[in-house]
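S.K.: One structure is given below, represented as structure tokens, and several questions about it will come after.
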Amino acid sequence: MRRFISFFLLTIFIYGCSAFQDTGRVLIISGFDFTQYADKGFLFTPENYTDKYESMGLITIQMVPAVKSPEVNMNVPRGYRLYTYMDTEAWIQDLDPNELVFELYKKAVAMGGNAVIRLQIKNVDFPNGRILIPGYEVSGFVIKRLK
């Protein structure tokens with residue numbers, strides 16, 4: 001009987017510690033429009049390039065948002081949102097992943113490239129004290145396509 005009561009109390013404790021927050025339905029759509037770069041003759045592709053090209057180099061760029069500690073009765077800083085990780089709250093800067101693509105484009109052109117192949121864009125977490133801050137990483141292989 002003691003085992004049963006101990007097991008029962010342990011079960012209640014475990015389920016009590018795994019509380020969740022009610023949320024509404026969430027629809028997340030993400031995508032990138034490369035038209036402005038294609039109009040300049042620049043190519044972004046997650047695929048390999050099969051025609052002739054010169055290798056210019058590999059590139060990885062990460063974007064980490066600015067973080068501010070929330071203060072009591074603090075108004076939401078402009079361009080920030082409240083972020084909760086575990087039991088810790090912080091104000092994190094809103095990021096636009098299109099900025100990251102633009103930075104990749106500028107760096108690739110500075111390297112002499114006119115294309116980024118094997119393009120990867122992913123969400124990554126960056127440690128900051130006791131929390132993980134969500135950010136972005138973009139990487140690829142910069143080439144100069146030959147005619």
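Letters for chains follow the order of the structure tokens (A, B, ...), residue numbers begin at 1 for each chain, and ligand numbers begin at 1 in the order shown.
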Report as a list in words all protein, DNA and RNA residues lying within 9 Å of segment 128-134 of chain A, evaluated on only C-alpha atoms, omitting residues in the same chain fewer than 6 positions from it.
M.R.: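 Final neighbour list, sorted by chain and number: Val64, Pro65, Val67, Tyr83, Thr84, Tyr85, Met86, Thr88, Glu89, Ala90 and Ile92 of chain A.
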S.K.: What lies within 6 Å of Gln93 of chain A using only C-alpha atoms, ignoring chain neighbours under 6 positions off, as number ranges by chain?
M.R.: A: 65-66, 79-80
S.K.: Keeping C-alpha atoms for every residue in the selection just given, could you write it to a file as a short mmCIF file (atom, residue, chain, number, x, y, z; two decimals), in the first residue's frame?
M.R.:
```cif
data_model
loop_
_atom_site.label_atom_id
_atom_site.label_comp_id
_atom_site.auth_asym_id
_atom_site.auth_seq_id
_atom_site.Cartn_x
_atom_site.Cartn_y
_atom_site.Cartn_z
CA PRO A 65 18.85 39.42 -31.63
CA ALA A 66 19.65 42.06 -29.05
CA GLY A 79 11.10 46.53 -32.08
CA TYR A 80 11.24 43.99 -29.25
#
```
S.K.: What lies within 9 Å of segment 94-101 of chain A using only C-alpha atoms, ignoring chain neighbours under 2 positions off, as a list in words?
M.R.: Phe32, Asp33, Phe34, Ile61, Gln62, Met63, Val64, Pro65, Ala66, Gly79, Tyr80, Arg81, Ile92, Glu103, Leu104, Tyr105, Lys106, Ile121, Gly135, Tyr136, Glu137 and Val138 of chain A
S.K.: Among segment 20-143 of chain A, which ones does DSSP place in alpha helix (DSSP H), written as a list in words?
M.R.: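 Answer for segment 20-143 of chain A restricted to alpha helix (DSSP H) is Thr35, Gln36, Tyr37, Ala38, Pro97, Asn98, Glu99, Leu100, Val101, Phe102, Glu103, Leu104, Tyr105, Lys106, Lys107, Ala108, Val109 and Ala110 of chain A.
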